[in-house]
Amino acid sequence: MAKSVGPRGSARTRVIEAALALFAEHGVNGTSLQMIADHLGVSKASVYYQFHSKDDIVLAVIRPVFAELDQLATAIEAQDSAPARQEAAITGFVELAVRHRRVTAVFYRDPAIDTLVKTHEECSAINQRLRKVLGMDSADTETRVTMSLVTSGVYGSAMDPDLQDIPDDELLRILLQSARRLLAVEERDAIRR
(Lines give C-alpha, C1' and ligand atoms only; values in the text may rest on other atoms or scores of the structure.)
Protein backbone atom coordinates (compact mmCIF):
# COMPACT_ATOMS: atom_id res chain seq x y z
CA MET A 1 0.00 0.00 0.00
CA ALA A 2 1.32 3.45 -0.96
CA LYS A 3 2.39 5.82 1.77
CA SER A 4 0.09 8.81 2.21
CA VAL A 5 1.73 12.03 1.06
CA GLY A 6 0.74 15.49 2.35
CA PRO A 7 -0.01 18.37 0.03
CA ARG A 8 2.93 19.89 -1.81
CA GLY A 9 2.57 23.18 0.06
CA SER A 10 3.09 21.34 3.33
CA ALA A 11 6.28 19.71 2.06
CA ARG A 12 7.58 23.07 0.84
CA THR A 13 6.92 24.57 4.26
CA ARG A 14 8.80 21.72 5.93
CA VAL A 15 11.78 22.24 3.63
CA ILE A 16 11.78 25.98 4.37
CA GLU A 17 11.57 25.39 8.13
CA ALA A 18 14.40 22.84 8.04
CA ALA A 19 16.52 25.12 5.89
CA LEU A 20 15.90 28.06 8.21
CA ALA A 21 17.03 26.01 11.22
CA LEU A 22 20.17 24.88 9.39
CA PHE A 23 20.89 28.37 8.04
CA ALA A 24 20.75 29.66 11.62
CA GLU A 25 23.27 27.05 12.71
CA HIS A 26 25.61 26.91 9.70
CA GLY A 27 24.88 30.00 7.60
CA VAL A 28 23.58 29.85 4.05
CA ASN A 29 26.93 28.90 2.51
CA GLY A 30 27.52 26.26 5.20
CA THR A 31 24.21 24.51 4.51
CA SER A 32 23.81 22.06 1.65
CA LEU A 33 20.70 20.57 0.08
CA GLN A 34 21.88 17.20 1.39
CA MET A 35 21.95 18.60 4.93
CA ILE A 36 18.38 19.85 4.50
CA ALA A 37 17.30 16.43 3.19
CA ASP A 38 19.05 14.66 6.09
CA HIS A 39 17.41 17.01 8.59
CA LEU A 40 14.01 16.12 7.16
CA GLY A 41 14.79 12.42 6.84
CA VAL A 42 14.09 12.43 3.10
CA SER A 43 16.15 12.03 -0.04
CA LYS A 44 17.89 14.93 -1.72
CA ALA A 45 15.62 14.27 -4.72
CA SER A 46 12.61 15.03 -2.50
CA VAL A 47 14.08 18.43 -1.69
CA TYR A 48 14.81 19.00 -5.40
CA TYR A 49 11.17 18.15 -6.15
CA GLN A 50 10.13 21.12 -4.01
CA PHE A 51 12.95 23.53 -4.92
CA HIS A 52 15.41 23.44 -7.80
CA SER A 53 18.28 24.98 -5.83
CA LYS A 54 19.33 26.30 -2.45
CA ASP A 55 18.88 29.83 -3.82
CA ASP A 56 15.23 28.98 -4.53
CA ILE A 57 14.83 27.98 -0.88
CA VAL A 58 16.49 31.18 0.33
CA LEU A 59 14.27 33.24 -1.96
CA ALA A 60 11.18 31.45 -0.65
CA VAL A 61 12.21 32.50 2.85
CA ILE A 62 12.98 36.14 2.07
CA ARG A 63 10.27 36.88 -0.53
CA PRO A 64 7.57 37.58 2.10
CA VAL A 65 9.92 40.04 3.81
CA PHE A 66 10.67 41.79 0.52
CA ALA A 67 6.95 41.90 -0.32
CA GLU A 68 6.42 43.70 2.99
CA LEU A 69 9.31 46.07 2.20
CA ASP A 70 7.60 46.86 -1.10
CA GLN A 71 4.34 47.55 0.77
CA LEU A 72 6.29 49.76 3.17
CA ALA A 73 7.66 51.79 0.26
CA THR A 74 4.07 52.30 -0.94
CA ALA A 75 2.98 53.39 2.54
CA ILE A 76 5.86 55.86 2.78
CA GLU A 77 5.10 57.28 -0.68
CA ALA A 78 1.47 57.81 0.33
CA GLN A 79 2.46 60.27 3.07
CA ASP A 80 2.26 63.91 2.07
CA SER A 81 4.81 65.46 4.43
CA ALA A 82 8.45 64.73 5.29
CA PRO A 83 7.71 64.11 9.01
CA ALA A 84 4.88 61.71 8.12
CA ARG A 85 7.13 59.87 5.65
CA GLN A 86 9.86 59.60 8.29
CA GLU A 87 7.40 58.25 10.88
CA ALA A 88 5.99 55.73 8.38
CA ALA A 89 9.54 54.58 7.58
CA ILE A 90 10.59 54.25 11.22
CA THR A 91 7.44 52.43 12.26
CA GLY A 92 7.48 50.18 9.20
CA PHE A 93 11.11 49.12 9.55
CA VAL A 94 10.83 48.43 13.27
CA GLU A 95 7.58 46.46 12.92
CA LEU A 96 9.09 44.44 10.07
CA ALA A 97 12.27 43.63 12.01
CA VAL A 98 10.33 42.51 15.08
CA ARG A 99 7.72 40.55 13.11
CA HIS A 100 10.46 38.66 11.26
CA ARG A 101 12.91 38.25 14.14
CA ARG A 102 13.74 34.67 13.23
CA VAL A 103 14.45 35.39 9.57
CA THR A 104 16.38 38.54 10.51
CA ALA A 105 18.57 36.58 12.91
CA VAL A 106 19.46 34.12 10.18
CA PHE A 107 19.99 36.44 7.26
CA TYR A 108 20.97 39.92 8.41
CA ARG A 109 24.44 40.64 7.05
CA ASP A 110 24.96 37.12 5.70
CA PRO A 111 27.22 37.64 2.65
CA ALA A 112 25.39 34.94 0.71
CA ILE A 113 22.08 36.77 1.23
CA ASP A 114 23.59 40.13 0.30
CA THR A 115 24.87 38.64 -2.96
CA LEU A 116 21.56 36.91 -3.73
CA VAL A 117 19.55 40.08 -3.04
CA LYS A 118 21.83 42.18 -5.24
CA THR A 119 21.68 39.70 -8.12
CA HIS A 120 17.99 38.79 -7.88
CA GLU A 121 16.09 41.33 -9.96
CA GLU A 122 12.92 41.42 -7.83
CA CYS A 123 14.76 41.94 -4.51
CA SER A 124 17.22 44.41 -5.98
CA ALA A 125 14.37 46.48 -7.46
CA ILE A 126 12.62 46.65 -4.09
CA ASN A 127 15.86 47.70 -2.38
CA GLN A 128 16.38 50.45 -4.97
CA ARG A 129 12.77 51.59 -4.62
CA LEU A 130 13.16 51.90 -0.85
CA ARG A 131 16.40 53.86 -1.21
CA LYS A 132 14.64 56.23 -3.59
CA VAL A 133 11.56 56.61 -1.38
CA LEU A 134 13.76 57.30 1.62
CA GLY A 135 15.87 59.77 -0.36
CA MET A 136 19.05 57.85 0.48
CA ASP A 137 20.75 58.46 -2.85
CA SER A 138 20.57 62.24 -2.39
CA ALA A 139 20.90 62.35 1.41
CA ASP A 140 23.73 64.17 3.12
CA THR A 141 26.46 62.19 4.88
CA GLU A 142 25.04 62.71 8.37
CA THR A 143 21.60 61.43 7.34
CA ARG A 144 23.09 58.39 5.60
CA VAL A 145 25.20 57.51 8.67
CA THR A 146 22.26 58.05 11.03
CA MET A 147 19.97 55.86 8.89
CA SER A 148 22.64 53.15 8.79
CA LEU A 149 23.02 53.36 12.56
CA VAL A 150 19.28 53.10 13.09
CA THR A 151 18.64 50.25 10.66
CA SER A 152 21.68 48.29 11.87
CA GLY A 153 20.61 48.86 15.46
CA VAL A 154 17.01 47.85 14.81
CA TYR A 155 17.91 44.68 12.93
CA GLY A 156 20.80 43.90 15.28
CA SER A 157 18.49 44.17 18.28
CA ALA A 158 15.80 42.05 16.63
CA MET A 159 18.31 39.27 16.02
CA ASP A 160 20.39 39.55 19.19
CA PRO A 161 20.25 36.19 21.01
CA ASP A 162 20.60 38.00 24.34
CA LEU A 163 17.35 39.87 23.63
CA GLN A 164 15.25 36.89 22.53
CA ASP A 165 13.60 36.75 25.96
CA ILE A 166 12.01 40.18 25.39
CA PRO A 167 8.42 39.86 24.12
CA ASP A 168 7.78 41.26 20.64
CA ASP A 169 5.46 44.04 21.83
CA GLU A 170 7.99 45.31 24.38
CA LEU A 171 10.88 45.13 21.91
CA LEU A 172 8.76 46.97 19.34
CA ARG A 173 8.00 49.76 21.83
CA ILE A 174 11.63 50.20 22.88
CA LEU A 175 12.99 50.09 19.32
CA LEU A 176 10.42 52.63 18.10
CA GLN A 177 11.28 54.95 20.97
CA SER A 178 15.02 54.62 20.35
CA ALA A 179 14.79 55.03 16.57
CA ARG A 180 12.61 58.12 16.91
CA ARG A 181 15.12 59.65 19.31
CA LEU A 182 18.05 58.93 16.99
CA LEU A 183 16.29 60.33 13.96
CA ALA A 184 14.74 63.37 15.63
CA VAL A 185 15.58 66.44 13.56
CA GLU A 186 15.57 68.68 16.62
CA GLU A 187 18.15 66.52 18.38
CA ARG A 188 20.42 66.43 15.31
CA ASP A 189 20.22 70.21 15.04
CA ALA A 190 21.10 70.56 18.73
CA ILE A 191 24.15 68.34 18.27
CA ARG A 192 25.42 70.57 15.45
CA ARG A 193 25.35 73.69 17.68
# chains A, B, ... in the order shown; residues from 1 in each chain; ligands from 1
call {"tool": "residues_around", "arguments": {"residues": "stretch 110-122 of chain A", "least_positions_apart": "6", "cutoff": "8 Å", "atoms": "only C-alpha atoms", "output": "PyMOL selection string"}}
result
chain A and resi 27-29+55+58
call {"tool": "write_last_selection", "arguments": {"atoms": "N, CA and C atoms", "output": "PDB file, in the first residue's frame"}}
result
ATOM      1  N   GLY A  27      24.842  28.972   8.628  1.00  0.00           N
ATOM      2  CA  GLY A  27      24.879  30.003   7.598  1.00  0.00           C
ATOM      3  C   GLY A  27      24.385  29.427   6.279  1.00  0.00           C
ATOM      4  N   VAL A  28      24.092  30.307   5.344  1.00  0.00           N
ATOM      5  CA  VAL A  28      23.585  29.851   4.045  1.00  0.00           C
ATOM      6  C   VAL A  28      24.656  29.057   3.305  1.00  0.00           C
ATOM      7  N   ASN A  29      25.869  29.605   3.242  1.00  0.00           N
ATOM      8  CA  ASN A  29      26.928  28.902   2.509  1.00  0.00           C
ATOM      9  C   ASN A  29      27.328  27.591   3.169  1.00  0.00           C
ATOM     10  N   ASP A  55      19.311  28.441  -3.620  1.00  0.00           N
ATOM     11  CA  ASP A  55      18.884  29.829  -3.818  1.00  0.00           C
ATOM     12  C   ASP A  55      17.363  29.937  -3.866  1.00  0.00           C
ATOM     13  N   VAL A  58      16.196  29.891  -0.315  1.00  0.00           N
ATOM     14  CA  VAL A  58      16.487  31.175   0.329  1.00  0.00           C
ATOM     15  C   VAL A  58      15.488  32.230  -0.145  1.00  0.00           C
TER      16      VAL A  58
END
call {"tool": "residues_around", "arguments": {"residues": "A:Gln177", "least_positions_apart": "2", "cutoff": "12 Å", "atoms": "only C-alpha atoms", "output": "PDB file with N, CA, C and O atoms, in the first residue's frame"}}
result
ATOM      1  N   GLU A  87       8.071  59.077   9.867  1.00  0.00           N
ATOM      2  CA  GLU A  87       7.396  58.252  10.875  1.00  0.00           C
ATOM      3  C   GLU A  87       6.935  56.928  10.269  1.00  0.00           C
ATOM      4  O   GLU A  87       7.067  55.869  10.881  1.00  0.00           O
ATOM      5  N   ILE A  90      10.121  54.758   9.931  1.00  0.00           N
ATOM      6  CA  ILE A  90      10.593  54.251  11.221  1.00  0.00           C
ATOM      7  C   ILE A  90       9.688  53.132  11.713  1.00  0.00           C
ATOM      8  O   ILE A  90      10.147  52.039  12.051  1.00  0.00           O
ATOM      9  N   THR A  91       8.404  53.411  11.759  1.00  0.00           N
ATOM     10  CA  THR A  91       7.442  52.429  12.256  1.00  0.00           C
ATOM     11  C   THR A  91       7.464  51.163  11.405  1.00  0.00           C
ATOM     12  O   THR A  91       7.488  50.050  11.933  1.00  0.00           O
ATOM     13  N   VAL A  94      10.784  49.065  11.953  1.00  0.00           N
ATOM     14  CA  VAL A  94      10.829  48.434  13.272  1.00  0.00           C
ATOM     15  C   VAL A  94       9.817  47.291  13.347  1.00  0.00           C
ATOM     16  O   VAL A  94      10.145  46.188  13.800  1.00  0.00           O
ATOM     17  N   VAL A 150      20.609  53.506  12.646  1.00  0.00           N
ATOM     18  CA  VAL A 150      19.275  53.104  13.094  1.00  0.00           C
ATOM     19  C   VAL A 150      18.898  51.736  12.536  1.00  0.00           C
ATOM     20  O   VAL A 150      18.473  50.852  13.278  1.00  0.00           O
ATOM     21  N   VAL A 154      18.324  48.494  14.766  1.00  0.00           N
ATOM     22  CA  VAL A 154      17.013  47.847  14.813  1.00  0.00           C
ATOM     23  C   VAL A 154      17.145  46.368  14.471  1.00  0.00           C
ATOM     24  O   VAL A 154      16.689  45.498  15.213  1.00  0.00           O
ATOM     25  N   GLU A 170       7.090  44.474  23.594  1.00  0.00           N
ATOM     26  CA  GLU A 170       7.992  45.309  24.377  1.00  0.00           C
ATOM     27  C   GLU A 170       9.206  45.737  23.532  1.00  0.00           C
ATOM     28  O   GLU A 170       9.621  46.897  23.566  1.00  0.00           O
ATOM     29  N   LEU A 171       9.756  44.797  22.777  1.00  0.00           N
ATOM     30  CA  LEU A 171      10.881  45.130  21.906  1.00  0.00           C
ATOM     31  C   LEU A 171      10.463  46.174  20.882  1.00  0.00           C
ATOM     32  O   LEU A 171      11.198  47.138  20.624  1.00  0.00           O
ATOM     33  N   LEU A 172       9.283  46.011  20.317  1.00  0.00           N
ATOM     34  CA  LEU A 172       8.760  46.970  19.342  1.00  0.00           C
ATOM     35  C   LEU A 172       8.686  48.365  19.960  1.00  0.00           C
ATOM     36  O   LEU A 172       9.158  49.341  19.374  1.00  0.00           O
ATOM     37  N   ARG A 173       8.141  48.477  21.152  1.00  0.00           N
ATOM     38  CA  ARG A 173       8.001  49.764  21.829  1.00  0.00           C
ATOM     39  C   ARG A 173       9.366  50.420  22.055  1.00  0.00           C
ATOM     40  O   ARG A 173       9.572  51.587  21.740  1.00  0.00           O
ATOM     41  N   ILE A 174      10.306  49.650  22.565  1.00  0.00           N
ATOM     42  CA  ILE A 174      11.631  50.195  22.877  1.00  0.00           C
ATOM     43  C   ILE A 174      12.369  50.601  21.601  1.00  0.00           C
ATOM     44  O   ILE A 174      12.995  51.674  21.542  1.00  0.00           O
ATOM     45  N   LEU A 175      12.301  49.765  20.570  1.00  0.00           N
ATOM     46  CA  LEU A 175      12.987  50.091  19.315  1.00  0.00           C
ATOM     47  C   LEU A 175      12.385  51.323  18.647  1.00  0.00           C
ATOM     48  O   LEU A 175      13.119  52.167  18.114  1.00  0.00           O
ATOM     49  N   ALA A 179      14.617  54.577  17.951  1.00  0.00           N
ATOM     50  CA  ALA A 179      14.789  55.031  16.569  1.00  0.00           C
ATOM     51  C   ALA A 179      14.281  56.457  16.409  1.00  0.00           C
ATOM     52  O   ALA A 179      14.936  57.285  15.744  1.00  0.00           O
ATOM     53  N   ARG A 180      13.145  56.757  17.004  1.00  0.00           N
ATOM     54  CA  ARG A 180      12.611  58.122  16.913  1.00  0.00           C
ATOM     55  C   ARG A 180      13.572  59.133  17.547  1.00  0.00           C
ATOM     56  O   ARG A 180      13.761  60.223  17.024  1.00  0.00           O
ATOM     57  N   ARG A 181      14.156  58.753  18.665  1.00  0.00           N
ATOM     58  CA  ARG A 181      15.122  59.648  19.310  1.00  0.00           C
ATOM     59  C   ARG A 181      16.340  59.875  18.416  1.00  0.00           C
ATOM     60  O   ARG A 181      16.803  60.998  18.252  1.00  0.00           O
ATOM     61  N   LEU A 182      16.860  58.797  17.841  1.00  0.00           N
ATOM     62  CA  LEU A 182      18.053  58.929  16.995  1.00  0.00           C
ATOM     63  C   LEU A 182      17.796  59.749  15.734  1.00  0.00           C
ATOM     64  O   LEU A 182      18.686  60.440  15.246  1.00  0.00           O
ATOM     65  N   LEU A 183      16.592  59.646  15.210  1.00  0.00           N
ATOM     66  CA  LEU A 183      16.289  60.329  13.955  1.00  0.00           C
ATOM     67  C   LEU A 183      15.629  61.688  14.139  1.00  0.00           C
ATOM     68  O   LEU A 183      15.317  62.353  13.149  1.00  0.00           O
ATOM     69  N   ALA A 184      15.422  62.094  15.374  1.00  0.00           N
ATOM     70  CA  ALA A 184      14.743  63.370  15.629  1.00  0.00           C
ATOM     71  C   ALA A 184      15.553  64.521  15.043  1.00  0.00           C
ATOM     72  O   ALA A 184      16.722  64.701  15.365  1.00  0.00           O
TER      73      ALA A 184
END
call {"tool": "select_by_dssp", "arguments": {"residues": "stretch 28-142 of chain A", "states": "alpha helix (DSSP H)", "output": "PyMOL selection string"}}
result
chain A and resi 33-40+44-50+54-77+82-99+101-107+111-119+121-133+141-142
call {"tool": "closest_atom_pairs", "arguments": {"of": "stretch 101-166 of chain A", "to": "stretch 65-70 of chain A", "cutoff": "8 Å", "atoms": "only C-alpha atoms", "output": "JSON lines"}}
result
{"residue": "A:Cys123", "atom": "CA", "partner": "A:Phe66", "partner_atom": "CA", "distance": 6.5}
{"residue": "A:Ile126", "atom": "CA", "partner": "A:Asp70", "partner_atom": "CA", "distance": 5.8}
{"residue": "A:Arg129", "atom": "CA", "partner": "A:Asp70", "partner_atom": "CA", "distance": 7.8}
{"residue": "A:Leu130", "atom": "CA", "partner": "A:Asp70", "partner_atom": "CA", "distance": 7.5}
call {"tool": "residues_around", "arguments": {"residues": "stretch 39-43 of chain A", "least_positions_apart": "6", "cutoff": "10 Å", "atoms": "only C-alpha atoms", "output": "list of chain:residue names"}}
result
A:Ala11, A:Arg14, A:Val15, A:Glu17, A:Ala18, A:Ala19, A:Ala21, A:Leu22, A:Leu33, A:Tyr49
call {"tool": "write_last_selection", "arguments": {"atoms": "N, CA and C atoms", "output": "mmCIF file, in the first residue's frame"}}
result
data_model
loop_
_atom_site.group_PDB
_atom_site.id
_atom_site.type_symbol
_atom_site.label_atom_id
_atom_site.label_comp_id
_atom_site.auth_asym_id
_atom_site.auth_seq_id
_atom_site.Cartn_x
_atom_site.Cartn_y
_atom_site.Cartn_z
ATOM 1 N N ALA A 11 4.901 20.177 2.232
ATOM 2 C CA ALA A 11 6.278 19.711 2.062
ATOM 3 C C ALA A 11 7.215 20.898 1.840
ATOM 4 N N ARG A 14 7.862 22.508 5.136
ATOM 5 C CA ARG A 14 8.797 21.718 5.933
ATOM 6 C C ARG A 14 10.236 21.928 5.468
ATOM 7 N N VAL A 15 10.435 21.995 4.163
ATOM 8 C CA VAL A 15 11.776 22.242 3.626
ATOM 9 C C VAL A 15 12.259 23.624 4.070
ATOM 10 N N GLU A 17 11.316 25.398 6.688
ATOM 11 C CA GLU A 17 11.571 25.390 8.133
ATOM 12 C C GLU A 17 12.887 24.685 8.457
ATOM 13 N N ALA A 18 13.140 23.566 7.812
ATOM 14 C CA ALA A 18 14.397 22.839 8.037
ATOM 15 C C ALA A 18 15.581 23.680 7.571
ATOM 16 N N ALA A 19 15.441 24.289 6.413
ATOM 17 C CA ALA A 19 16.519 25.122 5.891
ATOM 18 C C ALA A 19 16.792 26.300 6.822
ATOM 19 N N ALA A 21 16.331 26.507 10.028
ATOM 20 C CA ALA A 21 17.029 26.012 11.223
ATOM 21 C C ALA A 21 18.508 25.762 10.910
ATOM 22 N N LEU A 22 18.783 25.159 9.770
ATOM 23 C CA LEU A 22 20.169 24.876 9.390
ATOM 24 C C LEU A 22 20.930 26.150 9.016
ATOM 25 N N LEU A 33 22.002 21.222 0.292
ATOM 26 C CA LEU A 33 20.701 20.569 0.076
ATOM 27 C C LEU A 33 20.681 19.190 0.738
ATOM 28 N N TYR A 49 12.533 18.148 -5.626
ATOM 29 C CA TYR A 49 11.169 18.152 -6.146
ATOM 30 C C TYR A 49 10.443 19.429 -5.723
#
call {"tool": "atom_distance", "arguments": {"atom1": "atom CA of A:Phe23", "atom2": "atom CA of A:Ile36"}}
result
9.6 Å
call {"tool": "atom_distance", "arguments": {"atom1": "atom CA of A:Gln50", "atom2": "atom CA of A:Val98"}}
result
28.7 Å
